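Everything on this sheet refers to the single structure shown next.
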Amino acid sequence: MGADHAVSVVSGSETGPSSTGPGRRPAAPRARLPGTAELFASLVQSQRQVTGTDGMEAGDYTLRVTVIEAYGLAAKDKSGTSDPYVVASVGTERQRTHVVRRALSCTWGTTMAFELPNMTAGRAELLSIRFKVRDADTLTSELIGTCELEIAHVWQKPNHAVWHTWMALFSGEEVESTRGVASGRITRGYLRVSAAMLGPGRQMVMPLEPPRTNELRGVLISPNIRMTFGA
C-alpha cells in the first residue's frame, strides 16, 4: 500500500455522487443519490475500511468482483466528457470492463473472477483490489481516478461479501502534488462495486445478492487516504 495521504474535505463543497443543485433531480432510472450534507456525514462515518481475517482457512479461494457503475467522473476530453473503462487488479492479475463512450456517469455490470491459490490469513491482509478508472483515447488512455478495496475488509463482512458499495475516486497525482494534504473537491467521481470471497469450507457459489437499494450506507475511502475534515 502507498503512503498515508491526508485529504481535507470542506463541508459545503460539491463532493458527492450527486450534486443535483436546487430544483434538480437525478435522471431516471438511476437510484436517488445523496446531496452534499448526506455525503459529508457518510464520509465522516466511513473514512476507514474495517478489516479482519478471523476464521480464514488456508487454501484456494476465488474472488468475484462486479464493477457496477460510476457517477460524476471527471471530464478528460475536450467535449466535456470521458470514455471511461475500469481496470481491476489483484496482485499481478488485471481484468477490465468495456469502454463506455462520451459519459461521466455510466453502468458496466461486469463481473470478474480472480483466483487466489494457497491463500492464508496473513497474505489476505496484504492484498487489495485496486480499481483504476481510465479515459480511453485512440492511441492511449488517461487516468481519471483510482480507489482500493482491501480483501480483509471483504472477508470480515457477512457471507464474506460487500454489495453495491460506493467508493470515492481520487487522483494520486493531485494528492502527491500537495504533499498529501488537499482541500475542496479533489474526488474524481465515484465507483460502485460488489465483491465476494469463495473458498475452503464454503460452497463455491456466490451468496445470494441482496436487492440494490437507493440508500447510501457510506462512501468507502481507499486505505492510503487519510480523511481530515474542516473549513
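Residue numbering restarts at 1 for every chain of the C-alpha cells, chains are lettered A, B, ... in their displayed order, and ligands are numbered from 1 as they appear.
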
Q: Find the spatial neighbours of Tyr85 in chain A, counting only C-alpha atoms, within a cut-off of 7 Å - ignore same-chain residues fewer than 4 positions away - and output them as number ranges by chain.
A: A: 97-100, 133-135

Using only N, CA and C atoms, please write the residues we just selected to a file, as a PDB file, in the first residue's frame.
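Result saved to selection.pdb:
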```
ATOM      1  N   THR A  97     -13.180  -3.734 -17.843  1.00  0.00           N
ATOM      2  CA  THR A  97     -14.513  -3.634 -18.421  1.00  0.00           C
ATOM      3  C   THR A  97     -14.399  -3.145 -19.863  1.00  0.00           C
ATOM      4  N   HIS A  98     -15.533  -3.058 -20.524  1.00  0.00           N
ATOM      5  CA  HIS A  98     -15.588  -2.422 -21.829  1.00  0.00           C
ATOM      6  C   HIS A  98     -15.590  -0.896 -21.676  1.00  0.00           C
ATOM      7  N   VAL A  99     -15.398  -0.189 -22.755  1.00  0.00           N
ATOM      8  CA  VAL A  99     -15.395   1.277 -22.770  1.00  0.00           C
ATOM      9  C   VAL A  99     -16.810   1.784 -23.000  1.00  0.00           C
ATOM     10  N   VAL A 100     -17.199   2.781 -22.227  1.00  0.00           N
ATOM     11  CA  VAL A 100     -18.463   3.485 -22.462  1.00  0.00           C
ATOM     12  C   VAL A 100     -18.122   4.853 -23.060  1.00  0.00           C
ATOM     13  N   VAL A 133     -10.069   3.854 -12.918  1.00  0.00           N
ATOM     14  CA  VAL A 133     -10.993   4.291 -13.952  1.00  0.00           C
ATOM     15  C   VAL A 133     -10.193   5.136 -14.934  1.00  0.00           C
ATOM     16  N   ARG A 134     -10.191   4.739 -16.205  1.00  0.00           N
ATOM     17  CA  ARG A 134      -9.378   5.392 -17.210  1.00  0.00           C
ATOM     18  C   ARG A 134     -10.246   5.916 -18.345  1.00  0.00           C
ATOM     19  N   ASP A 135      -9.731   6.935 -19.026  1.00  0.00           N
ATOM     20  CA  ASP A 135     -10.381   7.508 -20.203  1.00  0.00           C
ATOM     21  C   ASP A 135      -9.686   6.956 -21.433  1.00  0.00           C
TER      22      ASP A 135
END
```

Q) Contacts of Phe131 in chain A at 7 Å or less, counting only C-alpha atoms, minus same-chain residues fewer than 6 places along, as a list in words? A)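 The contact residues come out as Val86, Val87, Ala88, Ser89, Thr146, Cys147 and Glu148 of chain A.
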
Please provide as a PDB file with C-alpha atoms, in the first residue's frame all residues within 7 Å of range 113-117 of chain A, with the sequence filter that same-chain residues fewer than 2 positions apart are discarded (counting only C-alpha atoms).
```
ATOM      1  CA  GLY A  59      -6.435 -22.881   0.813  1.00  0.00           C
ATOM      2  CA  ASP A  60      -7.580 -21.887  -2.666  1.00  0.00           C
ATOM      3  CA  TYR A  61     -10.066 -19.036  -2.963  1.00  0.00           C
ATOM      4  CA  THR A  62     -11.917 -17.259  -5.742  1.00  0.00           C
ATOM      5  CA  LEU A  63     -12.602 -13.541  -5.503  1.00  0.00           C
ATOM      6  CA  ARG A  64     -15.580 -12.438  -7.595  1.00  0.00           C
ATOM      7  CA  VAL A  65     -15.726  -8.712  -8.292  1.00  0.00           C
ATOM      8  CA  THR A 111     -18.229  -9.487 -13.184  1.00  0.00           C
ATOM      9  CA  MET A 119      -4.307 -18.079   0.332  1.00  0.00           C
TER      10      MET A 119
END
```

Q | Residue nearest Glu57 in chain A - candidates A:Leu126, A:Ala121, A:Ala75, A:Ala70, atoms counted: only C-alpha atoms | A | A:Ala121

Q: Tell me which of A:Thr120, A:Thr107, A:Ser194, A:Thr53 sits closest to Thr165 in chain A, counting only C-alpha atoms.
A: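 Closest candidate: A:Ser194.
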